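*Asks:* Structure file work.txt, compact mmCIF, C-alpha atoms and all ligand atoms, is pasted below:
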# COMPACT_ATOMS: atom_id res chain seq x y z
CA MET A 1 -9.59 14.89 24.30
CA ARG A 2 -11.45 12.32 26.37
CA ILE A 3 -14.46 10.60 24.84
CA LEU A 4 -16.96 8.26 26.47
CA VAL A 5 -18.40 5.70 24.05
CA LEU A 6 -21.72 4.42 25.34
CA PHE A 7 -22.28 0.95 23.85
CA THR A 8 -25.90 -0.16 23.65
CA ARG A 9 -26.80 -2.71 21.00
CA ASP A 10 -23.73 -2.13 18.87
CA LEU A 11 -21.46 -4.65 20.58
CA ARG A 12 -18.56 -4.79 18.13
CA VAL A 13 -15.32 -3.08 17.19
CA HIS A 14 -15.50 -3.49 13.38
CA ASP A 15 -17.41 -0.88 11.41
CA HIS A 16 -18.40 1.06 14.50
CA PRO A 17 -18.59 4.76 13.52
CA ALA A 18 -19.04 6.06 17.09
CA LEU A 19 -16.01 4.11 18.37
CA SER A 20 -13.83 4.91 15.34
CA ALA A 21 -14.54 8.64 15.65
CA ALA A 22 -13.68 8.51 19.36
CA CYS A 23 -10.37 6.74 18.73
CA ARG A 24 -9.12 9.28 16.20
CA ALA A 25 -6.16 11.56 16.94
CA GLY A 26 -4.96 9.83 20.08
CA ASN A 27 -8.02 10.59 22.18
CA GLU A 28 -8.45 8.78 25.47
CA VAL A 29 -11.58 6.66 25.42
CA GLU A 30 -13.89 5.19 28.03
CA PRO A 31 -15.80 2.30 26.36
CA LEU A 32 -18.85 1.93 28.62
CA PHE A 33 -21.73 -0.52 28.79
CA VAL A 34 -24.43 0.02 31.40
CA LEU A 35 -26.37 -3.05 32.50
CA ASP A 36 -29.94 -1.99 33.06
CA PRO A 37 -31.45 -4.44 35.59
CA ARG A 38 -34.92 -3.87 34.03
CA MET A 39 -33.67 -5.06 30.62
CA LEU A 40 -32.01 -8.15 32.09
CA ARG A 41 -35.40 -9.37 33.31
CA VAL A 42 -37.10 -9.23 29.88
CA SER A 43 -35.65 -12.38 28.31
CA ALA A 44 -33.29 -14.96 29.81
CA ASN A 45 -32.29 -16.08 26.31
CA ARG A 46 -31.25 -12.61 25.21
CA SER A 47 -29.54 -11.84 28.52
CA ARG A 48 -27.32 -14.88 28.08
CA PHE A 49 -26.45 -13.83 24.55
CA LEU A 50 -25.72 -10.31 25.83
CA VAL A 51 -23.31 -11.58 28.49
CA ASP A 52 -21.39 -13.53 25.80
CA ALA A 53 -21.32 -10.46 23.57
CA LEU A 54 -19.97 -8.26 26.37
CA ARG A 55 -17.24 -10.77 27.17
CA ASP A 56 -16.21 -10.89 23.52
CA LEU A 57 -16.26 -7.09 23.19
CA ASP A 58 -14.11 -6.78 26.30
CA ALA A 59 -11.58 -9.22 24.79
CA SER A 60 -11.50 -7.28 21.49
CA LEU A 61 -10.95 -4.00 23.33
CA ALA A 62 -8.26 -5.61 25.52
CA ARG A 63 -6.35 -6.63 22.37
CA ARG A 64 -6.42 -2.93 21.44
CA GLY A 65 -5.23 -1.67 24.80
CA ALA A 66 -8.46 -0.89 26.70
CA ARG A 67 -11.10 -2.76 28.72
CA LEU A 68 -14.86 -2.54 28.50
CA VAL A 69 -16.11 -0.56 31.49
CA ILE A 70 -19.26 -2.08 33.00
CA ARG A 71 -21.64 -0.26 35.30
CA SER A 72 -25.20 -0.91 36.41
CA GLY A 73 -28.21 1.42 36.44
CA ASP A 74 -30.02 3.71 34.04
CA PRO A 75 -27.72 3.95 30.96
CA GLY A 76 -28.29 7.64 30.23
CA ARG A 77 -27.81 8.77 33.81
CA VAL A 78 -24.79 6.56 34.43
CA ALA A 79 -23.13 7.71 31.18
CA VAL A 80 -23.39 11.37 32.21
CA ASP A 81 -22.09 10.63 35.74
CA GLU A 82 -19.12 8.71 34.31
CA ALA A 83 -18.36 11.38 31.71
CA LEU A 84 -18.38 14.12 34.37
CA ARG A 85 -16.34 12.07 36.85
CA HIS A 86 -13.60 11.37 34.28
CA GLY A 87 -13.59 14.75 32.57
CA CYS A 88 -14.88 13.52 29.19
CA ASP A 89 -15.38 16.15 26.50
CA ALA A 90 -18.13 14.24 24.69
CA ILE A 91 -20.32 11.15 24.74
CA HIS A 92 -20.57 9.09 21.54
CA LEU A 93 -23.29 6.57 20.84
CA THR A 94 -25.01 4.78 17.95
CA ALA A 95 -28.44 6.11 17.00
CA ASP A 96 -31.35 3.76 17.62
CA VAL A 97 -35.04 4.00 16.77
CA THR A 98 -37.04 2.66 19.71
CA GLY A 99 -38.94 4.92 22.10
CA PRO A 100 -36.64 4.23 25.10
CA ALA A 101 -33.51 4.76 22.97
CA ARG A 102 -34.83 8.06 21.65
CA ARG A 103 -35.83 9.26 25.09
CA ARG A 104 -32.34 8.36 26.33
CA LEU A 105 -30.71 10.36 23.53
CA ALA A 106 -33.01 13.34 24.14
CA SER A 107 -32.21 13.37 27.86
CA LEU A 108 -28.46 13.01 27.16
CA ARG A 109 -28.70 16.00 24.82
CA ARG A 110 -30.23 18.10 27.60
CA GLY A 111 -27.31 17.18 29.89
CA PRO A 112 -24.02 18.94 30.59
CA VAL A 113 -21.79 16.82 28.29
CA PRO A 114 -21.91 17.27 24.48
CA VAL A 115 -23.39 14.23 22.76
CA ARG A 116 -22.78 12.93 19.22
CA SER A 117 -24.91 10.16 17.77
CA PHE A 118 -23.62 8.11 14.83
CA PRO A 119 -25.14 5.74 12.26
CA GLY A 120 -24.42 2.03 12.54
CA HIS A 121 -27.63 0.15 13.13
CA GLY A 122 -29.10 -0.32 9.65
CA VAL A 123 -27.62 -0.86 6.20
CA VAL A 124 -29.54 2.23 5.09
CA GLU A 125 -30.25 4.41 8.11
CA PRO A 126 -33.87 5.35 8.87
CA GLY A 127 -34.86 8.50 6.98
CA ALA A 128 -32.04 8.17 4.42
CA VAL A 129 -34.68 7.19 1.87
CA ALA A 130 -38.26 8.44 2.27
CA PRO A 131 -41.23 8.94 -0.04
CA ALA A 132 -42.18 12.51 -0.96
CA GLY A 133 -44.07 14.22 1.86
CA ARG A 134 -43.90 11.31 4.34
CA PRO A 135 -41.34 10.35 6.98
CA ALA A 136 -41.33 6.63 6.07
CA TYR A 137 -42.39 4.09 3.44
CA ARG A 138 -45.45 2.06 4.45
CA VAL A 139 -45.16 -0.45 1.59
CA PHE A 140 -42.08 -2.64 1.14
CA THR A 141 -41.69 -2.88 -2.66
CA PRO A 142 -41.04 0.84 -3.34
CA TYR A 143 -38.91 0.99 -0.19
CA ALA A 144 -36.76 -1.91 -1.43
CA ARG A 145 -36.34 -0.22 -4.83
CA ALA A 146 -35.04 2.94 -3.13
CA TRP A 147 -32.95 0.87 -0.67
CA PHE A 148 -31.08 -0.97 -3.43
CA ALA A 149 -30.45 2.31 -5.32
CA THR A 150 -29.05 4.25 -2.35
CA ASP A 151 -25.38 4.94 -1.69
CA ARG A 152 -24.16 3.64 1.65
CA ARG A 153 -21.63 4.97 4.10
CA PRO A 154 -18.18 3.33 3.80
CA VAL A 155 -17.46 0.32 6.04
CA LEU A 156 -14.85 1.15 8.71
CA ARG A 157 -11.99 -1.00 9.94
CA ALA A 158 -11.76 -1.80 13.64
CA PRO A 159 -9.55 0.78 15.41
CA ALA A 160 -5.96 -0.45 15.68
CA SER A 161 -5.74 0.76 19.27
CA VAL A 162 -8.05 2.17 21.93
CA VAL A 163 -6.28 4.41 24.45
CA PRO A 164 -8.00 4.05 27.83
CA ILE A 165 -8.50 6.77 30.44
CA PRO A 166 -5.94 5.62 33.04
CA GLU A 167 -7.93 6.10 36.26
CA VAL A 168 -11.13 4.32 35.14
CA ASP A 169 -11.70 0.91 36.72
CA HIS A 170 -13.54 -1.53 34.51
CA GLY A 171 -16.14 -2.60 37.08
CA ILE A 172 -17.70 -5.99 37.70
CA HIS A 173 -18.34 -7.96 34.54
CA PRO A 174 -21.49 -10.09 34.52
CA SER A 175 -21.37 -13.86 34.41
CA ALA A 176 -23.93 -16.18 32.85
CA ASP A 177 -23.97 -18.13 36.15
CA GLU A 178 -25.90 -15.25 37.74
CA LEU A 179 -28.66 -15.41 35.11
CA PRO A 180 -31.78 -17.57 35.04
CA PRO A 181 -31.40 -20.58 32.73
CA GLY A 182 -32.28 -20.01 29.10
CA ALA A 183 -33.45 -22.36 26.35
CA PRO A 184 -31.45 -25.62 26.16
CA HIS A 185 -29.90 -24.95 22.71
CA LEU A 186 -28.94 -21.30 22.57
CA PRO A 187 -26.26 -19.94 20.24
CA ALA A 188 -23.10 -18.42 21.72
CA GLY A 189 -23.15 -14.64 21.32
CA GLY A 190 -20.53 -12.06 20.39
CA GLU A 191 -18.79 -10.42 17.47
CA SER A 192 -16.21 -13.19 16.96
CA GLU A 193 -18.90 -15.86 16.73
CA GLY A 194 -21.00 -13.61 14.44
CA ARG A 195 -18.08 -13.00 12.07
CA ALA A 196 -17.30 -16.71 11.94
CA ARG A 197 -20.93 -17.51 11.14
CA LEU A 198 -21.05 -14.89 8.41
CA THR A 199 -17.93 -16.36 6.82
CA ARG A 200 -19.41 -19.88 6.97
CA PHE A 201 -22.69 -18.69 5.46
CA LEU A 202 -20.94 -16.87 2.62
CA ARG A 203 -18.66 -19.84 1.97
CA ARG A 204 -21.72 -22.08 1.60
CA GLY A 205 -22.93 -19.56 -0.95
CA PRO A 206 -25.83 -17.12 -0.67
CA HIS A 207 -27.02 -18.38 -4.10
CA ARG A 208 -28.54 -21.45 -2.36
CA TYR A 209 -30.35 -19.14 0.00
CA GLY A 210 -32.82 -17.85 -2.60
CA ALA A 211 -34.08 -21.35 -3.41
CA ASP A 212 -33.87 -22.95 0.03
CA ARG A 213 -34.62 -20.24 2.59
CA ASP A 214 -38.23 -21.36 3.05
CA ASP A 215 -37.41 -25.07 3.20
CA LEU A 216 -38.06 -25.67 6.88
CA ALA A 217 -35.80 -28.70 7.32
CA ALA A 218 -32.89 -27.36 5.23
CA ASP A 219 -31.64 -24.78 7.74
CA ALA A 220 -30.34 -22.77 4.78
CA THR A 221 -30.66 -19.28 6.25
CA SER A 222 -27.80 -17.36 7.83
CA ARG A 223 -28.90 -17.43 11.50
CA LEU A 224 -27.29 -14.01 11.86
CA SER A 225 -30.37 -12.29 13.27
CA ALA A 226 -29.31 -12.24 16.94
CA PHE A 227 -25.86 -10.94 15.95
CA LEU A 228 -27.52 -8.13 14.01
CA ARG A 229 -29.98 -7.51 16.85
CA PHE A 230 -27.13 -6.88 19.30
CA GLY A 231 -24.93 -5.14 16.73
CA CYS A 232 -22.26 -7.84 17.07
CA LEU A 233 -22.26 -7.55 13.29
CA SER A 234 -22.69 -4.34 11.35
CA ALA A 235 -25.58 -4.73 8.91
CA THR A 236 -23.71 -2.51 6.46
CA GLN A 237 -20.68 -4.78 6.56
CA VAL A 238 -22.84 -7.91 6.21
CA ALA A 239 -24.43 -6.37 3.10
CA GLU A 240 -21.06 -5.35 1.68
CA ARG A 241 -19.57 -8.81 2.16
CA ALA A 242 -22.68 -10.57 0.83
CA GLU A 243 -22.87 -8.58 -2.37
CA THR A 244 -19.42 -9.69 -3.49
CA HIS A 245 -21.08 -13.09 -4.01
CA PRO A 246 -23.15 -13.79 -7.11
CA GLU A 247 -26.91 -14.03 -6.62
CA SER A 248 -26.96 -12.47 -3.19
CA ARG A 249 -30.00 -10.31 -3.96
CA ALA A 250 -32.52 -12.53 -2.15
CA PHE A 251 -30.40 -12.32 1.00
CA LEU A 252 -29.87 -8.55 0.68
CA ARG A 253 -33.62 -8.16 0.32
CA GLN A 254 -34.05 -9.61 3.80
CA LEU A 255 -31.66 -7.00 5.20
CA ALA A 256 -33.85 -4.43 3.47
CA TRP A 257 -36.87 -5.84 5.35
CA ARG A 258 -35.01 -5.23 8.59
CA ASP A 259 -34.32 -1.62 7.61
CA PHE A 260 -37.91 -1.20 6.41
CA PHE A 261 -39.26 -1.93 9.88
CA LEU A 262 -36.58 0.23 11.49
CA GLN A 263 -37.61 3.24 9.39
CA LEU A 264 -41.30 2.66 10.24
CA VAL A 265 -40.56 2.60 13.97
CA ALA A 266 -38.21 5.58 13.63
CA ALA A 267 -41.11 7.54 12.14
CA ASP A 268 -43.52 6.36 14.85
CA PRO A 269 -42.09 4.47 17.87
CA ALA A 270 -45.65 3.56 19.00
CA LEU A 271 -45.77 0.97 16.20
CA THR A 272 -44.02 -1.51 18.46
CA HIS A 273 -47.34 -1.86 20.30
CA GLU A 274 -50.00 0.00 18.26
CA ASP A 275 -51.53 -0.87 14.88
CA LEU A 276 -50.09 0.89 11.85
CA ARG A 277 -53.53 0.55 10.21
CA PRO A 278 -56.01 0.43 13.12
CA GLU A 279 -58.95 0.39 10.72
CA ARG A 280 -57.95 -3.17 9.81
CA ALA A 281 -57.76 -4.52 13.37
CA SER A 282 -59.98 -7.53 14.11
CA ALA A 283 -62.15 -8.09 17.17
CA TRP A 284 -59.47 -10.15 18.92
CA ARG A 285 -60.53 -12.99 21.24
CA ARG A 286 -59.00 -13.05 24.72
CA ASP A 287 -58.74 -16.84 24.72
CA ARG A 288 -56.11 -17.81 27.31
CA VAL A 289 -56.57 -21.56 26.79
CA ALA A 290 -55.99 -21.37 23.05
CA PHE A 291 -53.06 -19.02 23.58
CA ASP A 292 -51.40 -21.34 26.12
CA ALA A 293 -51.78 -24.32 23.77
CA TRP A 294 -50.12 -22.27 21.02
CA ARG A 295 -47.29 -21.13 23.32
CA GLU A 296 -46.53 -24.65 24.45
CA GLY A 297 -46.69 -26.19 20.99
CA CYS A 298 -49.79 -28.23 21.86
CA THR A 299 -52.40 -27.05 19.34
CA GLY A 300 -52.53 -30.45 17.63
CA VAL A 301 -51.55 -28.84 14.30
CA ARG A 302 -48.15 -30.39 13.78
CA ILE A 303 -46.51 -27.73 11.66
CA VAL A 304 -47.51 -25.03 14.17
CA ASP A 305 -46.46 -27.12 17.16
CA ALA A 306 -43.07 -27.93 15.59
CA GLY A 307 -42.30 -24.22 15.17
CA MET A 308 -43.37 -23.34 18.69
CA ARG A 309 -41.29 -26.19 20.16
CA GLN A 310 -38.25 -25.04 18.20
CA LEU A 311 -38.73 -21.57 19.68
CA LEU A 312 -38.75 -23.01 23.21
CA ALA A 313 -35.69 -25.16 22.50
CA GLU A 314 -33.50 -22.73 20.52
CA GLY A 315 -34.89 -19.24 21.07
CA TRP A 316 -35.15 -19.04 17.29
CA MET A 317 -37.36 -20.13 14.39
CA PRO A 318 -36.91 -19.79 10.64
CA ASN A 319 -38.95 -17.03 9.05
CA ARG A 320 -41.37 -19.47 7.39
CA ALA A 321 -42.19 -21.08 10.76
CA ARG A 322 -42.70 -17.62 12.28
CA LEU A 323 -45.15 -16.77 9.49
CA ILE A 324 -47.10 -20.02 9.91
CA THR A 325 -47.32 -19.83 13.70
CA ALA A 326 -48.16 -16.11 13.73
CA SER A 327 -50.86 -16.58 11.11
CA PHE A 328 -52.31 -19.46 13.10
CA LEU A 329 -52.53 -17.37 16.27
CA THR A 330 -53.94 -14.20 14.73
CA ARG A 331 -55.87 -15.40 11.70
CA THR A 332 -57.05 -18.89 12.67
CA MET A 333 -57.45 -18.44 16.45
CA ALA A 334 -58.17 -14.66 16.21
CA VAL A 335 -55.91 -13.85 19.18
CA ASP A 336 -54.39 -10.36 19.38
CA TRP A 337 -50.98 -10.11 17.66
CA ARG A 338 -49.64 -8.30 20.74
CA TRP A 339 -49.99 -11.52 22.81
CA GLY A 340 -47.98 -13.44 20.24
CA ALA A 341 -45.41 -10.67 19.88
CA ALA A 342 -44.90 -10.62 23.66
CA HIS A 343 -44.28 -14.39 23.70
CA PHE A 344 -41.81 -14.09 20.82
CA ALA A 345 -40.13 -11.13 22.53
CA GLU A 346 -39.60 -13.21 25.65
CA HIS A 347 -38.02 -16.17 23.84
CA LEU A 348 -36.39 -14.97 20.62
CA VAL A 349 -32.64 -14.42 20.96
CA ASP A 350 -33.05 -12.00 18.06
CA GLY A 351 -36.19 -10.41 19.61
CA ASP A 352 -36.19 -6.88 18.24
CA PRO A 353 -38.98 -4.36 18.84
CA ALA A 354 -39.14 -3.13 15.22
CA SER A 355 -38.79 -6.45 13.37
CA ASN A 356 -40.99 -8.33 15.81
CA ALA A 357 -43.93 -5.91 15.90
CA GLY A 358 -43.51 -5.06 12.21
CA ASN A 359 -43.73 -8.70 11.15
CA TRP A 360 -46.55 -9.53 13.54
CA GLN A 361 -48.58 -6.64 12.21
CA TRP A 362 -47.74 -7.67 8.66
CA VAL A 363 -49.18 -11.14 9.35
CA ALA A 364 -52.15 -9.87 11.37
CA GLY A 365 -53.06 -7.45 8.60
CA THR A 366 -52.78 -4.25 10.65
CA GLY A 367 -49.29 -3.42 9.41
CA ALA A 368 -47.34 -2.73 6.27
CA SER A 369 -48.78 -5.46 4.06
CA PRO A 370 -50.69 -4.01 1.15
CA ARG A 371 -53.65 -6.37 1.72
CA ARG A 372 -55.72 -7.51 4.64
CA GLY A 373 -54.07 -10.63 6.09
CA ILE A 374 -55.44 -13.98 4.95
CA ALA A 375 -55.05 -17.07 7.11
CA MET A 376 -52.34 -19.41 5.87
CA ASN A 377 -53.54 -22.97 5.51
CA PRO A 378 -51.17 -24.98 7.75
CA ASP A 379 -51.63 -28.21 5.74
CA ARG A 380 -50.75 -26.49 2.51
CA GLN A 381 -47.80 -24.72 4.14
CA ALA A 382 -46.56 -28.05 5.52
CA ALA A 383 -46.94 -29.80 2.16
CA ARG A 384 -45.01 -27.05 0.42
CA PHE A 385 -42.27 -26.20 2.92
CA ASP A 386 -41.86 -29.49 4.81
CA PRO A 387 -42.91 -32.02 2.16
CA ASP A 388 -41.32 -35.10 3.74
CA GLY A 389 -42.17 -34.06 7.31
CA ALA A 390 -38.51 -33.88 8.39
CA TYR A 391 -38.97 -30.57 10.22
CA ARG A 392 -42.08 -31.78 12.07
CA ALA A 393 -40.34 -35.02 13.01
CA ARG A 394 -37.26 -33.12 14.23
CA TRP A 395 -39.24 -31.06 16.74
CA LEU A 396 -42.13 -33.35 17.66
CA ASP A 397 -41.02 -36.95 17.44
CA ARG A 398 -37.50 -37.06 18.76
CA GLU A 399 -36.53 -37.69 22.37
CA ARG A 400 -35.43 -34.42 23.96
P1 LIG A 501 -31.94 -14.76 7.08
O1 LIG A 501 -33.04 -15.33 6.27
O2 LIG A 501 -30.60 -15.31 6.91
O3 LIG A 501 -31.94 -13.18 6.80
C1 LIG A 501 -30.81 -12.35 7.05
C2 LIG A 501 -31.19 -11.24 7.97
O4 LIG A 501 -32.20 -10.41 7.41
C3 LIG A 501 -31.79 -11.72 9.30
O5 LIG A 501 -30.78 -12.10 10.19
C4 LIG A 501 -32.60 -10.51 9.75
O6 LIG A 501 -31.78 -9.55 10.38
C5 LIG A 501 -33.09 -9.94 8.42
N1 LIG A 501 -34.45 -10.43 8.13
C6 LIG A 501 -34.79 -11.56 7.48
N2 LIG A 501 -36.14 -11.64 7.33
C7 LIG A 501 -36.63 -10.54 7.92
C8 LIG A 501 -37.95 -10.04 8.11
N3 LIG A 501 -39.05 -10.68 7.65
N4 LIG A 501 -38.10 -8.89 8.81
C9 LIG A 501 -37.03 -8.21 9.29
N5 LIG A 501 -35.77 -8.63 9.12
C10 LIG A 501 -35.57 -9.76 8.45
N6 LIG A 501 -36.48 -10.86 13.02
C11 LIG A 501 -35.71 -10.35 14.00
O7 LIG A 501 -34.53 -10.08 13.77
N7 LIG A 501 -36.22 -10.11 15.25
C12 LIG A 501 -37.53 -10.39 15.56
O8 LIG A 501 -37.96 -10.14 16.69
C13 LIG A 501 -38.35 -10.96 14.54
N8 LIG A 501 -39.64 -11.30 14.81
C14 LIG A 501 -40.41 -11.83 13.81
C15 LIG A 501 -41.75 -12.15 14.08
C16 LIG A 501 -42.56 -12.69 13.09
C17 LIG A 501 -44.02 -13.00 13.37
C18 LIG A 501 -42.02 -12.93 11.81
C19 LIG A 501 -42.89 -13.51 10.71
C20 LIG A 501 -40.71 -12.63 11.52
C21 LIG A 501 -39.88 -12.06 12.51
N9 LIG A 501 -38.54 -11.73 12.26
C22 LIG A 501 -37.78 -11.18 13.26
C23 LIG A 501 -37.98 -11.79 10.89
C24 LIG A 501 -37.30 -13.11 10.46
O9 LIG A 501 -38.12 -14.19 10.73
C25 LIG A 501 -35.94 -13.30 11.16
O10 LIG A 501 -35.14 -12.15 11.02
C26 LIG A 501 -35.18 -14.48 10.51
O11 LIG A 501 -35.95 -15.64 10.56
C27 LIG A 501 -33.87 -14.67 11.22
O12 LIG A 501 -33.17 -15.79 10.73
P2 LIG A 501 -31.86 -15.63 9.86
O13 LIG A 501 -30.89 -14.75 10.54
O14 LIG A 501 -31.40 -16.98 9.49
O15 LIG A 501 -32.43 -14.84 8.60
Could the structure of this file be written out as structure tokens, please?

*Replies:*
Amino acid sequence: MRILVLFTRDLRVHDHPALSAACRAGNEVEPLFVLDPRMLRVSANRSRFLVDALRDLDASLARRGARLVIRSGDPGRVAVDEALRHGCDAIHLTADVTGPARRRLASLRRGPVPVRSFPGHGVVEPGAVAPAGRPAYRVFTPYARAWFATDRRPVLRAPASVVPIPEVDHGIHPSADELPPGAPHLPAGGESEGRARLTRFLRRGPHRYGADRDDLAADATSRLSAFLRFGCLSATQVAERAETHPESRAFLRQLAWRDFFLQLVAADPALTHEDLRPERASAWRRDRVAFDAWREGCTGVRIVDAGMRQLLAEGWMPNRARLITASFLTRTMAVDWRWGAAHFAEHLVDGDPASNAGNWQWVAGTGASPRRGIAMNPDRQAARFDPDGAYRARWLDRER
């Protein structure tokens, strides 16, 4: 048989159910990634990470006997054209929850080539746990209880070999030189880098994580979010490796948050831009001047400005800084969460439609939080999570 594997944001070879199923029984495989020019324009930071991840995936496939095939255009349409041109019997891909991903799967299913979608995005796939009579949990605590109690699919090894379809040329691979410049201190992307980071994080010990994750200057979190966002790491494998360490529950709980937002968006893809609880929406101010000051890290509130400057410099912020800055925009300045989410989506290397909108709505009070949002007091947050001012000094006072 010949199988086309359409990679999307599952850019790895380890624990990849769609790839492993394709490689079984000596099948010939076309591993395809389609660069969508529209997506490349959304965020320079993420595009640079993507190019790294594609290069690394290509190298991993090459060690197994194949190359990553790169094409450009609309991923669904190009996948069908390729499959027909090379006589593929099926298209494999990893299921995803966003509106565009679901529309792509639906249109592939209407096409002439049989399509199989596989799990591989969450630790617990959307819909695997659900409250009676509803498609998704709207409150985190009962979701987390069910999440921790659920059996997971087994983690898969990387295929030992990938047999290519001989006549397929691997196309023109993108180079970072063709992309607009990103933030000055971006992480390198790709599965190899993600696996190395995971090992370093676990060696340091996830037990420290519970106590230090909100300490802004400590940098005690895993920084795996972009690798999970692009599927350079399998969330299931991250969870499996983490739980062999004592006291990893606080860390696992964060992976459950990720799945929580995925299952909400799976149940209603509009949540990436519409309120989950519209009855709680505020009368947002359309204050461009205040918004620009927030974006540039020039509000005059040092803890907020430090977070926003870190975002511009690294394309990343720790969760506590995201909470403080998002609360300041929506609760203190009363600016629509969608404006803030769009700015984050442009800059965050880990920018993910479900986690971004889900968290913004949680802070703004229109989302999954059980209460109406209350403004965080930036002074109190700074005193508690940056007591000696090291984080503020790092992002505001140093020469850059
Ligand atoms: P760790 O603390 O090491 O956590 C491990 C993993 O758990 C993360 O890599 C991430 O995949 C997941 N995770 C942790 N916290 C959350 C959370 N609150 N919600 C969902 N998943 C979580 N995360 C994104 O991945 N993409 C986004 O676009 C995004 N936007 C956010 C916007 C706002 C306003 C807020 C408050 C949070 C947002 N988060 C987002 C969640 C969280 O801030 C980041 O996942 C986390 O800071 C990433 O750093 P880390 O990998 O070191 O996380």

*Asks:* Which protein, DNA or RNA residues have an atom within 6 Å of ligand LIG 501 (chain A), counting all atoms listed in the file, as a list in words?

*Replies:* Thr221, Ser222, Arg223, Leu224, Ser225, Leu228, Gln254, Leu255, Trp257, Arg258, Pro318, Asn319, Arg322, Leu323, Ala326, Asp350, Gly351, Asp352, Ser355, Asn356, Asn359 and Trp360 of chain A

*Asks:* Would you pick out the contacts of Ala149 of chain A at 12 Å or less, using all atoms listed in the file, so that residues sharing its chain but fewer than 3 positions from it are not included, and give the list as JSON, numbers by chain?

*Replies:* {"A": [124, 128, 129, 142, 143, 144, 145, 146, 152, 256]}

*Asks:* What gap, in Å, lies between atom CA of Asp305 of chain A and atom CA of Thr325 of chain A?

*Replies:*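 So the answer is 8.1 Å.
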
*Asks:* So, counting all atoms listed in the file, which residue among A:Val163, A:Leu6, A:Ala79, A:Leu311 is closest to Ala25 of chain A?

*Replies:*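 So, comparing all the options, the nearest one is A:Val163.
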
*Asks:* What's around segment 45-59 of chain A at 9 Å? Count all atoms listed in the file, leave out sequence neighbours fewer than 5 positions away in its own chain, and write the answer as a tab-separated table (two decimals) with C-alpha atoms, in the coordinates of the input.

*Replies:*
chain	number	residue	atom	x	y	z
A	11	LEU	CA	-21.46	-4.65	20.58
A	12	ARG	CA	-18.56	-4.79	18.13
A	13	VAL	CA	-15.32	-3.08	17.19
A	33	PHE	CA	-21.73	-0.52	28.79
A	39	MET	CA	-33.67	-5.06	30.62
A	40	LEU	CA	-32.01	-8.15	32.09
A	64	ARG	CA	-6.42	-2.93	21.44
A	66	ALA	CA	-8.46	-0.89	26.70
A	67	ARG	CA	-11.10	-2.76	28.72
A	68	LEU	CA	-14.86	-2.54	28.50
A	69	VAL	CA	-16.11	-0.56	31.49
A	173	HIS	CA	-18.34	-7.96	34.54
A	174	PRO	CA	-21.49	-10.09	34.52
A	175	SER	CA	-21.37	-13.86	34.41
A	176	ALA	CA	-23.93	-16.18	32.85
A	179	LEU	CA	-28.66	-15.41	35.11
A	180	PRO	CA	-31.78	-17.57	35.04
A	181	PRO	CA	-31.40	-20.58	32.73
A	182	GLY	CA	-32.28	-20.01	29.10
A	183	ALA	CA	-33.45	-22.36	26.35
A	186	LEU	CA	-28.94	-21.30	22.57
A	187	PRO	CA	-26.26	-19.94	20.24
A	188	ALA	CA	-23.10	-18.42	21.72
A	189	GLY	CA	-23.15	-14.64	21.32
A	190	GLY	CA	-20.53	-12.06	20.39
A	191	GLU	CA	-18.79	-10.42	17.47
A	192	SER	CA	-16.21	-13.19	16.96
A	193	GLU	CA	-18.90	-15.86	16.73
A	226	ALA	CA	-29.31	-12.24	16.94
A	227	PHE	CA	-25.86	-10.94	15.95
A	230	PHE	CA	-27.13	-6.88	19.30
A	232	CYS	CA	-22.26	-7.84	17.07
A	314	GLU	CA	-33.50	-22.73	20.52
A	315	GLY	CA	-34.89	-19.24	21.07
A	346	GLU	CA	-39.60	-13.21	25.65
A	347	HIS	CA	-38.02	-16.17	23.84
A	348	LEU	CA	-36.39	-14.97	20.62
A	349	VAL	CA	-32.64	-14.42	20.96
A	350	ASP	CA	-33.05	-12.00	18.06
A	351	GLY	CA	-36.19	-10.41	19.61

*Asks:* Between atom CA of Arg157 of chain A and atom CA of His14 of chain A, what is the spacing in Å?

*Replies:* 5.5 Å

*Asks:* Using all atoms listed in the file, which residue out of A:Ala290, A:Leu264, A:Ala217, A:Ala239 lies closest to Ala306 of chain A?

*Replies:*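 Going through A:Ala290, A:Leu264, A:Ala217, A:Ala239 one by one, the smallest distance to Ala306 of chain A is for A:Ala217.
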
*Asks:* I'd like to know which of A:Trp395, A:Phe260, A:Trp337, A:Trp316 is closest to Gly297 of chain A, using only C-alpha atoms.

*Replies:* A:Trp395

*Asks:* Could you state the separation of atom CA of Pro31 of chain A and atom CA of Pro126 of chain A in Å, given to one decimal place?

*Replies:*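 Pair atom CA of Pro31 of chain A / atom CA of Pro126 of chain A returns 25.3 Å.
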